[in-house]
file upload_27.pdb (PDB, C-alpha atoms)
ATOM      1  CA  MET A   1     154.367 131.298 121.101
ATOM      2  CA  ALA A   2     154.099 129.299 117.919
ATOM      3  CA  LEU A   3     151.020 127.243 117.103
ATOM      4  CA  THR A   4     151.990 123.563 117.216
ATOM      5  CA  LYS A   5     150.399 120.144 116.715
ATOM      6  CA  THR A   6     149.970 119.764 120.482
ATOM      7  CA  ILE A   7     147.778 122.868 120.683
ATOM      8  CA  ILE A   8     145.652 121.795 117.713
ATOM      9  CA  ALA A   9     145.254 118.271 119.162
ATOM     10  CA  GLU A  10     144.042 119.777 122.456
ATOM     11  CA  GLN A  11     141.352 121.710 120.602
ATOM     12  CA  ILE A  12     140.236 118.540 118.780
ATOM     13  CA  GLN A  13     140.205 116.705 122.118
ATOM     14  CA  GLU A  14     137.978 119.341 123.713
ATOM     15  CA  LYS A  15     135.541 119.983 120.872
ATOM     16  CA  LEU A  16     135.022 116.330 119.893
ATOM     17  CA  ASP A  17     135.300 114.990 123.435
ATOM     18  CA  LEU A  18     137.915 112.412 122.438
ATOM     19  CA  PRO A  19     140.711 110.878 124.504
ATOM     20  CA  ARG A  20     143.953 112.834 124.170
ATOM     21  CA  THR A  21     145.813 110.111 122.253
ATOM     22  CA  THR A  22     142.889 109.609 119.834
ATOM     23  CA  ALA A  23     142.735 113.340 119.117
ATOM     24  CA  TYR A  24     146.450 113.334 118.335
ATOM     25  CA  GLU A  25     146.148 110.210 116.138
ATOM     26  CA  VAL A  26     143.247 111.714 114.190
ATOM     27  CA  MET A  27     145.278 114.848 113.522
ATOM     28  CA  GLU A  28     148.303 112.807 112.424
ATOM     29  CA  GLU A  29     146.079 110.745 110.100
ATOM     30  CA  PHE A  30     144.727 113.963 108.612
ATOM     31  CA  LEU A  31     148.272 115.265 108.057
ATOM     32  CA  GLU A  32     149.242 111.921 106.494
ATOM     33  CA  ILE A  33     146.355 112.226 103.994
ATOM     34  CA  ILE A  34     147.569 115.694 103.039
ATOM     35  CA  LYS A  35     151.178 114.527 102.700
ATOM     36  CA  GLU A  36     150.222 111.468 100.597
ATOM     37  CA  THR A  37     148.118 113.622  98.293
ATOM     38  CA  ILE A  38     150.860 116.185  97.771
ATOM     39  CA  GLU A  39     153.399 113.364  97.338
ATOM     40  CA  SER A  40     151.263 111.938  94.519
ATOM     41  CA  GLY A  41     151.504 115.315  92.790
ATOM     42  CA  GLU A  42     147.952 116.434  93.496
ATOM     43  CA  ASP A  43     147.189 119.960  94.785
ATOM     44  CA  ILE A  44     145.116 120.595  97.897
ATOM     45  CA  MET A  45     142.601 123.398  97.815
ATOM     46  CA  ILE A  46     140.934 124.636 100.995
ATOM     47  CA  SER A  47     138.323 127.288 100.273
ATOM     48  CA  GLY A  48     138.716 130.311 102.528
ATOM     49  CA  PHE A  49     142.267 129.280 103.466
ATOM     50  CA  GLY A  50     144.481 128.669 100.471
ATOM     51  CA  LYS A  51     145.992 126.176  98.090
ATOM     52  CA  PHE A  52     148.964 123.845  98.495
ATOM     53  CA  CYS A  53     150.473 123.294  95.068
ATOM     54  CA  VAL A  54     153.066 120.882  93.762
ATOM     55  CA  ASN A  55     155.512 122.661  91.494
ATOM     56  CA  GLU A  56     157.910 121.020  89.060
ATOM     57  CA  LYS A  57     161.247 122.808  88.847
ATOM     58  CA  LYS A  58     163.438 122.144  85.821
ATOM     59  CA  ALA A  59     167.127 121.302  86.147
ATOM     60  CA  ARG A  60     169.268 124.430  86.007
ATOM     61  CA  LYS A  61     172.875 125.497  86.077
ATOM     62  CA  GLY A  62     174.036 126.861  89.364
ATOM     63  CA  ARG A  63     177.271 127.816  91.018
ATOM     64  CA  ASN A  64     178.700 126.936  94.383
ATOM     65  CA  PRO A  65     179.284 130.392  95.874
ATOM     66  CA  ALA A  66     182.090 129.120  98.104
ATOM     67  CA  THR A  67     184.195 127.347  95.458
ATOM     68  CA  ASP A  68     182.863 129.196  92.391
ATOM     69  CA  GLU A  69     182.400 125.798  90.810
ATOM     70  CA  GLU A  70     179.662 125.457  88.186
ATOM     71  CA  MET A  71     177.241 122.596  88.590
ATOM     72  CA  THR A  72     173.914 121.375  87.292
ATOM     73  CA  LEU A  73     171.162 121.398  89.871
ATOM     74  CA  PRO A  74     168.786 118.502  89.193
ATOM     75  CA  ALA A  75     165.067 118.862  88.490
ATOM     76  CA  ARG A  76     163.044 119.078  91.706
ATOM     77  CA  ARG A  77     159.499 118.930  92.897
ATOM     78  CA  VAL A  78     158.547 121.452  95.567
ATOM     79  CA  VAL A  79     155.456 122.479  97.508
ATOM     80  CA  THR A  80     154.175 126.039  97.390
ATOM     81  CA  PHE A  81     151.322 127.764  99.187
ATOM     82  CA  LYS A  82     148.981 130.409  97.865
ATOM     83  CA  CYS A  83     146.897 132.235 100.453
ATOM     84  CA  SER A  84     143.206 132.682  99.607
ATOM     85  CA  GLY A  85     141.950 136.206  98.981
ATOM     86  CA  LYS A  86     139.477 135.944 101.832
ATOM     87  CA  LEU A  87     142.107 134.958 104.421
ATOM     88  CA  ARG A  88     144.509 137.540 103.034
ATOM     89  CA  ASP A  89     141.923 140.266 103.646
ATOM     90  CA  LEU A  90     141.324 138.987 107.191
ATOM     91  CA  ILE A  91     145.055 139.062 107.964
ATOM     92  CA  ASN A  92     145.297 142.607 106.686
ATOM     93  CA  SER A  93     142.229 143.961 108.463
ATOM     94  CA  ARG A  94     141.722 144.368 112.178
ATOM     95  CA  ASP A  95     138.776 141.992 112.086
ATOM     96  CA  THR A  96     139.357 139.161 114.541
ATOM     97  CA  SER A  97     135.912 137.576 114.384
ATOM     98  CA  LEU A  98     137.341 134.103 113.835
TER      99      LEU A  98
ATOM    100  CA  MET B  99     141.789 117.444  96.428
ATOM    101  CA  ASN B 100     139.386 119.829  98.111
ATOM    102  CA  LYS B 101     137.929 120.120 101.600
ATOM    103  CA  LEU B 102     134.999 117.736 100.930
ATOM    104  CA  GLU B 103     137.299 115.005  99.585
ATOM    105  CA  LEU B 104     139.579 115.482 102.598
ATOM    106  CA  ILE B 105     136.601 115.043 104.935
ATOM    107  CA  SER B 106     135.436 111.789 103.320
ATOM    108  CA  THR B 107     138.987 110.386 103.173
ATOM    109  CA  LEU B 108     139.534 111.182 106.867
ATOM    110  CA  LYS B 109     136.158 109.606 107.706
ATOM    111  CA  ASP B 110     137.108 106.407 105.830
ATOM    112  CA  ARG B 111     140.474 106.119 107.540
ATOM    113  CA  THR B 112     139.385 106.766 111.125
ATOM    114  CA  ARG B 113     136.431 105.915 113.345
ATOM    115  CA  LEU B 114     135.083 109.446 113.058
ATOM    116  CA  THR B 115     131.671 110.278 111.663
ATOM    117  CA  LYS B 116     131.508 112.562 108.658
ATOM    118  CA  ALA B 117     130.470 115.492 110.880
ATOM    119  CA  GLU B 118     133.415 114.833 113.236
ATOM    120  CA  ALA B 119     135.871 114.569 110.349
ATOM    121  CA  ALA B 120     134.555 117.888 109.038
ATOM    122  CA  GLU B 121     134.980 119.394 112.524
ATOM    123  CA  VAL B 122     138.611 118.209 112.784
ATOM    124  CA  ILE B 123     139.461 119.823 109.462
ATOM    125  CA  LYS B 124     137.659 123.007 110.431
ATOM    126  CA  ILE B 125     139.519 123.179 113.762
ATOM    127  CA  PHE B 126     142.835 122.679 111.977
ATOM    128  CA  PHE B 127     142.485 125.403 109.356
ATOM    129  CA  ASP B 128     140.669 127.806 111.711
ATOM    130  CA  SER B 129     143.557 127.508 114.197
ATOM    131  CA  LEU B 130     146.047 128.325 111.472
ATOM    132  CA  SER B 131     143.948 131.244 110.199
ATOM    133  CA  ARG B 132     143.607 132.640 113.730
ATOM    134  CA  ALA B 133     147.369 132.378 114.262
ATOM    135  CA  PHE B 134     147.990 134.265 110.994
ATOM    136  CA  ILE B 135     145.540 137.013 111.971
ATOM    137  CA  ASN B 136     147.293 137.369 115.351
ATOM    138  CA  GLY B 137     150.668 137.413 113.622
ATOM    139  CA  GLU B 138     151.767 134.193 115.335
ATOM    140  CA  ARG B 139     154.140 131.593 113.926
ATOM    141  CA  VAL B 140     152.852 128.119 113.047
ATOM    142  CA  GLU B 141     154.981 124.992 113.214
ATOM    143  CA  ILE B 142     153.540 121.641 112.122
ATOM    144  CA  ARG B 143     156.431 119.152 112.306
ATOM    145  CA  GLY B 144     156.828 117.020 109.188
ATOM    146  CA  PHE B 145     154.406 119.165 107.216
ATOM    147  CA  CYS B 146     155.221 122.833 107.203
ATOM    148  CA  SER B 147     155.763 126.025 109.113
ATOM    149  CA  PHE B 148     154.450 129.522 108.515
ATOM    150  CA  HIS B 149     155.431 132.951 109.656
ATOM    151  CA  ILE B 150     153.816 136.259 108.858
ATOM    152  CA  LYS B 151     155.913 138.310 106.522
ATOM    153  CA  GLU B 152     155.453 142.071 106.456
ATOM    154  CA  TYR B 153     155.722 143.681 103.043
ATOM    155  CA  LYS B 154     156.464 147.408 102.824
ATOM    156  CA  SER B 155     154.513 149.768 100.621
ATOM    157  CA  TYR B 156     155.951 150.227  97.141
ATOM    158  CA  VAL B 157     155.089 151.855  93.836
ATOM    159  CA  GLY B 158     154.119 149.272  91.271
ATOM    160  CA  ARG B 159     152.478 149.404  87.890
ATOM    161  CA  ASN B 160     149.172 148.236  86.566
ATOM    162  CA  PRO B 161     150.395 145.686  84.017
ATOM    163  CA  LYS B 162     147.442 146.392  81.694
ATOM    164  CA  THR B 163     147.559 150.175  81.568
ATOM    165  CA  GLY B 164     151.111 150.858  82.722
ATOM    166  CA  ASP B 165     149.817 153.363  85.289
ATOM    167  CA  LYS B 166     151.827 153.809  88.454
ATOM    168  CA  VAL B 167     150.020 152.594  91.557
ATOM    169  CA  ARG B 168     150.998 152.746  95.192
ATOM    170  CA  ILE B 169     150.808 149.275  96.716
ATOM    171  CA  PRO B 170     149.958 149.590 100.426
ATOM    172  CA  PRO B 171     151.938 147.626 103.018
ATOM    173  CA  LYS B 172     150.626 144.111 103.544
ATOM    174  CA  ARG B 173     151.118 140.991 105.620
ATOM    175  CA  LEU B 174     151.093 137.499 104.153
ATOM    176  CA  PRO B 175     151.681 134.034 105.594
ATOM    177  CA  PHE B 176     155.039 132.739 104.365
ATOM    178  CA  PHE B 177     155.041 128.974 103.812
ATOM    179  CA  LYS B 178     158.072 126.824 104.510
ATOM    180  CA  CYS B 179     157.857 123.164 103.607
ATOM    181  CA  GLY B 180     158.759 120.717 106.392
ATOM    182  CA  LYS B 181     161.683 118.311 106.050
ATOM    183  CA  GLU B 182     159.603 115.124 105.788
ATOM    184  CA  LEU B 183     157.181 116.522 103.195
ATOM    185  CA  LYS B 184     160.022 118.098 101.248
ATOM    186  CA  GLU B 185     161.810 114.757 100.952
ATOM    187  CA  ARG B 186     158.629 112.843 100.155
ATOM    188  CA  VAL B 187     157.431 115.174  97.413
ATOM    189  CA  ASP B 188     160.754 115.512  95.606
ATOM    190  CA  TYR B 189     161.912 112.992  92.999
ATOM    191  CA  LYS B 190     163.290 109.863  94.605
ATOM    192  CA  PRO B 191     167.028 109.291  94.061
ATOM    193  CA  HIS B 192     166.395 105.822  92.582
ATOM    194  CA  ALA B 193     163.279 106.653  90.595
ATOM    195  CA  PRO B 194     163.458 105.547  86.934
TER     196      PRO B 194
END
call {"tool": "encode", "arguments": {"input": "upload_27.pdb", "output": "structure tokens"}}
result
Amino acid sequence: MALTKTIIAEQIQEKLDLPRTTAYEVMEEFLEIIKETIESGEDIMISGFGKFCVNEKKARKGRNPATDEEMTLPARRVVTFKCSGKLRDLINSRDTSL
Amino acid sequence: MNKLELISTLKDRTRLTKAEAAEVIKIFFDSLSRAFINGERVEIRGFCSFHIKEYKSYVGRNPKTGDKVRIPPKRLPFFKCGKELKERVDYKPHAP
């Protein structure tokens, strides 16, 4: 099963001994901080986990594969993720100490 | 922004102590890391989702020396940006 916000909120609830709704609100506030930061164009770096980067993509010519029509795709801003070396090694080893 | 700045921002915007804010952030990223190690999918609505992508072994080259090297198979978390974040981070349609 996929890891979801509900599961993470339950862990926060248990470890910090908070009411369920507070645990969920705290997590949402944390996610909002991350989203605002990325929105402002600033990267987020979590040591031992990875880095969320904001990448500027230039406008480029593309083609609609269905109609074969040429068009200009506008400049975009996208989010990318780079996994830290430490986490990468953990994922690729059989070590499950975490 | 790094982990320490995240902790103090979360502390300022909630009623948590600094230690609790640090704990929340630790729980969050530890959960994700554990899911990756177990090969599980992660889905954080509005933010992002991850799945573990398996890469096969291939023969690559050392870009400095040009020597052929065998790259062993590997697994990496594959990031997919969530709809809300994607729309918020991109240029606004009416931006100057």
call {"tool": "resolve_selection", "arguments": {"input": "upload_27.pdb", "expression": "the PyMOL selection byres ((chain B and resi 143) around 9)", "output": "list in words"}}
result
Thr4 and Lys5 of chain A; Glu141, Ile142, Gly144, Phe145, Cys146, Ser147, Gly180, Lys181 and Glu182 of chain B
call {"tool": "residues_around", "arguments": {"input": "upload_27.pdb", "residues": "Ala117 in chain B", "least_positions_apart": "6", "cutoff": "12 Å", "atoms": "all atoms listed in the file", "output": "ChimeraX atom specification"}}
result
/A:16 /B:102,105-106,108-109,123-124
call {"tool": "interface_residues", "arguments": {"input": "upload_27.pdb", "of": "chain A", "to": "chain B", "cutoff": "6 Å", "atoms": "all atoms listed in the file", "output": "mmCIF file with C-alpha atoms, in the coordinates of the input"}}
result
data_model
loop_
_atom_site.group_PDB
_atom_site.id
_atom_site.type_symbol
_atom_site.label_atom_id
_atom_site.label_comp_id
_atom_site.auth_asym_id
_atom_site.auth_seq_id
_atom_site.Cartn_x
_atom_site.Cartn_y
_atom_site.Cartn_z
ATOM 1 C CA ALA A 2 154.099 129.299 117.919
ATOM 2 C CA LEU A 3 151.020 127.243 117.103
ATOM 3 C CA THR A 4 151.990 123.563 117.216
ATOM 4 C CA LYS A 5 150.399 120.144 116.715
ATOM 5 C CA GLU A 39 153.399 113.364 97.338
ATOM 6 C CA ILE A 44 145.116 120.595 97.897
ATOM 7 C CA MET A 45 142.601 123.398 97.815
ATOM 8 C CA ILE A 46 140.934 124.636 100.995
ATOM 9 C CA ARG A 76 163.044 119.078 91.706
ATOM 10 C CA ARG A 77 159.499 118.930 92.897
ATOM 11 C CA ILE A 91 145.055 139.062 107.964
#
call {"tool": "atom_distance", "arguments": {"input": "upload_27.pdb", "atom1": "CA of Glu10 in chain A", "atom2": "CA of Glu25 in chain A"}}
result
11.7 Å
call {"tool": "closest_residue", "arguments": {"input": "upload_27.pdb", "among": "A:Tyr24, A:Ser47, A:Cys53, A:Lys15", "to": "Val79 in chain A", "atoms": "all atoms listed in the file"}}
result
A:Cys53
call {"tool": "axis_aligned_box", "arguments": {"input": "upload_27.pdb", "around": "range 67-72 of chain A", "padding_each_side": "6 Å", "output": "lines of an AutoDock Vina configuration file"}}
result
center_x = 179.1
center_y = 125.3
center_z = 91.4
size_x = 22.3
size_y = 19.8
size_z = 20.2
call {"tool": "atom_distance", "arguments": {"input": "upload_27.pdb", "atom1": "CA of Leu90 in chain A", "atom2": "CA of Phe30 in chain A"}}
result
25.3 Å
call {"tool": "resolve_selection", "arguments": {"input": "upload_27.pdb", "expression": "the PyMOL selection byres ((chain B and resi 155) around 10)", "output": "number ranges by chain"}}
result
B: 152-154, 156-158, 168-172
call {"tool": "atom_distance", "arguments": {"input": "upload_27.pdb", "atom1": "CA of Thr72 in chain A", "atom2": "CA of Ala59 in chain A"}}
result
6.9 Å
call {"tool": "residues_near_point", "arguments": {"input": "upload_27.pdb", "point": "(159.0, 122.9, 87.4)", "cutoff": "10 Å", "atoms": "all atoms listed in the file", "output": "ChimeraX atom specification"}}
result
/A:54-59,75-78
call {"tool": "write_last_selection", "arguments": {"input": "upload_27.pdb", "atoms": "C-alpha atoms", "output": "compact mmCIF listing (two decimals), keeping the file's coordinate frame"}}
result
# COMPACT_ATOMS: atom_id res chain seq x y z
CA VAL A 54 153.07 120.88 93.76
CA ASN A 55 155.51 122.66 91.49
CA GLU A 56 157.91 121.02 89.06
CA LYS A 57 161.25 122.81 88.85
CA LYS A 58 163.44 122.14 85.82
CA ALA A 59 167.13 121.30 86.15
CA ALA A 75 165.07 118.86 88.49
CA ARG A 76 163.04 119.08 91.71
CA ARG A 77 159.50 118.93 92.90
CA VAL A 78 158.55 121.45 95.57
call {"tool": "closest_residue", "arguments": {"input": "upload_27.pdb", "among": "A:Asn64, A:Phe49, A:Ala9, A:Glu70", "to": "Asp89 in chain A", "atoms": "all atoms listed in the file"}}
result
A:Phe49
call {"tool": "closest_residue", "arguments": {"input": "upload_27.pdb", "among": "A:Lys82, A:Ala23, A:Leu18, A:Glu29", "to": "Thr6 in chain A", "atoms": "only C-alpha atoms"}}
result
A:Ala23
call {"tool": "closest_residue", "arguments": {"input": "upload_27.pdb", "among": "A:Ser40, A:Gly85, A:Arg60, A:Ile7", "to": "Leu73 in chain A", "atoms": "only C-alpha atoms"}}
result
A:Arg60
call {"tool": "decode", "arguments": {"input": "upload_27.pdb", "residues": "range 28-41 of chain A", "atoms": "all heavy atoms", "output": "PDB file, in the first residue's frame"}}
result
ATOM      1  N   GLU A  28      -0.057  19.498   7.453  1.00  0.00           N
ATOM      2  CA  GLU A  28      -0.481  20.338   6.335  1.00  0.00           C
ATOM      3  C   GLU A  28       0.258  21.680   6.348  1.00  0.00           C
ATOM      4  O   GLU A  28       0.614  22.201   5.294  1.00  0.00           O
ATOM      5  CB  GLU A  28      -2.002  20.578   6.374  1.00  0.00           C
ATOM      6  CG  GLU A  28      -2.825  19.382   5.904  1.00  0.00           C
ATOM      7  CD  GLU A  28      -2.702  19.088   4.401  1.00  0.00           C
ATOM      8  OE1 GLU A  28      -2.015  19.820   3.668  1.00  0.00           O
ATOM      9  OE2 GLU A  28      -3.311  18.084   3.963  1.00  0.00           O
ATOM     10  N   GLU A  29       0.484  22.232   7.546  1.00  0.00           N
ATOM     11  CA  GLU A  29       1.216  23.493   7.664  1.00  0.00           C
ATOM     12  C   GLU A  29       2.649  23.307   7.172  1.00  0.00           C
ATOM     13  O   GLU A  29       3.178  24.148   6.457  1.00  0.00           O
ATOM     14  CB  GLU A  29       1.201  23.974   9.125  1.00  0.00           C
ATOM     15  CG  GLU A  29       1.724  25.375   9.342  1.00  0.00           C
ATOM     16  CD  GLU A  29       0.946  26.450   8.595  1.00  0.00           C
ATOM     17  OE1 GLU A  29      -0.291  26.317   8.447  1.00  0.00           O
ATOM     18  OE2 GLU A  29       1.578  27.434   8.159  1.00  0.00           O
ATOM     19  N   PHE A  30       3.238  22.181   7.543  1.00  0.00           N
ATOM     20  CA  PHE A  30       4.594  21.860   7.101  1.00  0.00           C
ATOM     21  C   PHE A  30       4.647  21.762   5.569  1.00  0.00           C
ATOM     22  O   PHE A  30       5.535  22.322   4.925  1.00  0.00           O
ATOM     23  CB  PHE A  30       5.039  20.545   7.759  1.00  0.00           C
ATOM     24  CG  PHE A  30       6.266  19.944   7.183  1.00  0.00           C
ATOM     25  CD1 PHE A  30       7.464  20.629   7.204  1.00  0.00           C
ATOM     26  CD2 PHE A  30       6.236  18.686   6.604  1.00  0.00           C
ATOM     27  CE1 PHE A  30       8.613  20.081   6.654  1.00  0.00           C
ATOM     28  CE2 PHE A  30       7.375  18.132   6.060  1.00  0.00           C
ATOM     29  CZ  PHE A  30       8.562  18.833   6.087  1.00  0.00           C
ATOM     30  N   LEU A  31       3.667  21.083   4.983  1.00  0.00           N
ATOM     31  CA  LEU A  31       3.623  20.948   3.524  1.00  0.00           C
ATOM     32  C   LEU A  31       3.417  22.311   2.864  1.00  0.00           C
ATOM     33  O   LEU A  31       3.989  22.593   1.810  1.00  0.00           O
ATOM     34  CB  LEU A  31       2.516  19.978   3.109  1.00  0.00           C
ATOM     35  CG  LEU A  31       2.785  18.506   3.422  1.00  0.00           C
ATOM     36  CD1 LEU A  31       1.547  17.661   3.173  1.00  0.00           C
ATOM     37  CD2 LEU A  31       3.950  17.977   2.595  1.00  0.00           C
ATOM     38  N   GLU A  32       2.609  23.173   3.513  1.00  0.00           N
ATOM     39  CA  GLU A  32       2.368  24.509   2.970  1.00  0.00           C
ATOM     40  C   GLU A  32       3.662  25.328   2.958  1.00  0.00           C
ATOM     41  O   GLU A  32       3.934  26.038   1.987  1.00  0.00           O
ATOM     42  CB  GLU A  32       1.257  25.208   3.776  1.00  0.00           C
ATOM     43  CG  GLU A  32       0.902  26.612   3.306  1.00  0.00           C
ATOM     44  CD  GLU A  32       0.504  26.703   1.836  1.00  0.00           C
ATOM     45  OE1 GLU A  32      -0.055  25.729   1.286  1.00  0.00           O
ATOM     46  OE2 GLU A  32       0.780  27.758   1.224  1.00  0.00           O
ATOM     47  N   ILE A  33       4.472  25.195   4.004  1.00  0.00           N
ATOM     48  CA  ILE A  33       5.768  25.901   4.054  1.00  0.00           C
ATOM     49  C   ILE A  33       6.647  25.446   2.883  1.00  0.00           C
ATOM     50  O   ILE A  33       7.238  26.263   2.188  1.00  0.00           O
ATOM     51  CB  ILE A  33       6.484  25.657   5.405  1.00  0.00           C
ATOM     52  CG1 ILE A  33       5.681  26.277   6.549  1.00  0.00           C
ATOM     53  CG2 ILE A  33       7.907  26.209   5.387  1.00  0.00           C
ATOM     54  CD1 ILE A  33       6.117  25.832   7.951  1.00  0.00           C
ATOM     55  N   ILE A  34       6.674  24.143   2.667  1.00  0.00           N
ATOM     56  CA  ILE A  34       7.483  23.612   1.558  1.00  0.00           C
ATOM     57  C   ILE A  34       6.974  24.153   0.221  1.00  0.00           C
ATOM     58  O   ILE A  34       7.746  24.631  -0.606  1.00  0.00           O
ATOM     59  CB  ILE A  34       7.437  22.060   1.551  1.00  0.00           C
ATOM     60  CG1 ILE A  34       8.137  21.519   2.792  1.00  0.00           C
ATOM     61  CG2 ILE A  34       8.087  21.501   0.287  1.00  0.00           C
ATOM     62  CD1 ILE A  34       8.286  20.019   2.806  1.00  0.00           C
ATOM     63  N   LYS A  35       5.645  24.112   0.040  1.00  0.00           N
ATOM     64  CA  LYS A  35       5.068  24.553  -1.231  1.00  0.00           C
ATOM     65  C   LYS A  35       5.314  26.045  -1.466  1.00  0.00           C
ATOM     66  O   LYS A  35       5.691  26.439  -2.567  1.00  0.00           O
ATOM     67  CB  LYS A  35       3.568  24.234  -1.272  1.00  0.00           C
ATOM     68  CG  LYS A  35       3.305  22.743  -1.517  1.00  0.00           C
ATOM     69  CD  LYS A  35       1.839  22.442  -1.667  1.00  0.00           C
ATOM     70  CE  LYS A  35       1.243  21.934  -0.370  1.00  0.00           C
ATOM     71  NZ  LYS A  35      -0.141  21.440  -0.524  1.00  0.00           N
ATOM     72  N   GLU A  36       5.146  26.859  -0.412  1.00  0.00           N
ATOM     73  CA  GLU A  36       5.392  28.310  -0.543  1.00  0.00           C
ATOM     74  C   GLU A  36       6.838  28.588  -0.922  1.00  0.00           C
ATOM     75  O   GLU A  36       7.112  29.459  -1.743  1.00  0.00           O
ATOM     76  CB  GLU A  36       5.101  29.024   0.787  1.00  0.00           C
ATOM     77  CG  GLU A  36       3.640  29.331   1.002  1.00  0.00           C
ATOM     78  CD  GLU A  36       3.365  29.909   2.394  1.00  0.00           C
ATOM     79  OE1 GLU A  36       4.308  30.411   3.040  1.00  0.00           O
ATOM     80  OE2 GLU A  36       2.198  29.839   2.820  1.00  0.00           O
ATOM     81  N   THR A  37       7.753  27.845  -0.291  1.00  0.00           N
ATOM     82  CA  THR A  37       9.176  28.057  -0.561  1.00  0.00           C
ATOM     83  C   THR A  37       9.513  27.721  -2.006  1.00  0.00           C
ATOM     84  O   THR A  37      10.161  28.501  -2.705  1.00  0.00           O
ATOM     85  CB  THR A  37      10.022  27.180   0.395  1.00  0.00           C
ATOM     86  OG1 THR A  37       9.609  27.441   1.729  1.00  0.00           O
ATOM     87  CG2 THR A  37      11.494  27.473   0.251  1.00  0.00           C
ATOM     88  N   ILE A  38       9.019  26.569  -2.459  1.00  0.00           N
ATOM     89  CA  ILE A  38       9.285  26.154  -3.837  1.00  0.00           C
ATOM     90  C   ILE A  38       8.632  27.142  -4.814  1.00  0.00           C
ATOM     91  O   ILE A  38       9.227  27.533  -5.815  1.00  0.00           O
ATOM     92  CB  ILE A  38       8.787  24.712  -4.075  1.00  0.00           C
ATOM     93  CG1 ILE A  38       9.589  23.731  -3.215  1.00  0.00           C
ATOM     94  CG2 ILE A  38       8.900  24.329  -5.542  1.00  0.00           C
ATOM     95  CD1 ILE A  38       9.110  22.298  -3.272  1.00  0.00           C
ATOM     96  N   GLU A  39       7.419  27.587  -4.457  1.00  0.00           N
ATOM     97  CA  GLU A  39       6.682  28.541  -5.296  1.00  0.00           C
ATOM     98  C   GLU A  39       7.478  29.836  -5.473  1.00  0.00           C
ATOM     99  O   GLU A  39       7.460  30.448  -6.540  1.00  0.00           O
ATOM    100  CB  GLU A  39       5.330  28.823  -4.633  1.00  0.00           C
ATOM    101  CG  GLU A  39       4.351  29.566  -5.511  1.00  0.00           C
ATOM    102  CD  GLU A  39       3.004  29.774  -4.809  1.00  0.00           C
ATOM    103  OE1 GLU A  39       2.807  29.246  -3.693  1.00  0.00           O
ATOM    104  OE2 GLU A  39       2.157  30.468  -5.386  1.00  0.00           O
ATOM    105  N   SER A  40       8.189  30.237  -4.396  1.00  0.00           N
ATOM    106  CA  SER A  40       8.975  31.472  -4.468  1.00  0.00           C
ATOM    107  C   SER A  40      10.272  31.268  -5.249  1.00  0.00           C
ATOM    108  O   SER A  40      11.040  32.199  -5.447  1.00  0.00           O
ATOM    109  CB  SER A  40       9.300  31.969  -3.058  1.00  0.00           C
ATOM    110  OG  SER A  40      10.337  31.184  -2.496  1.00  0.00           O
ATOM    111  N   GLY A  41      10.523  30.051  -5.684  1.00  0.00           N
ATOM    112  CA  GLY A  41      11.693  29.767  -6.507  1.00  0.00           C
ATOM    113  C   GLY A  41      12.898  29.291  -5.719  1.00  0.00           C
ATOM    114  O   GLY A  41      13.978  29.132  -6.266  1.00  0.00           O
TER     115      GLY A  41
END
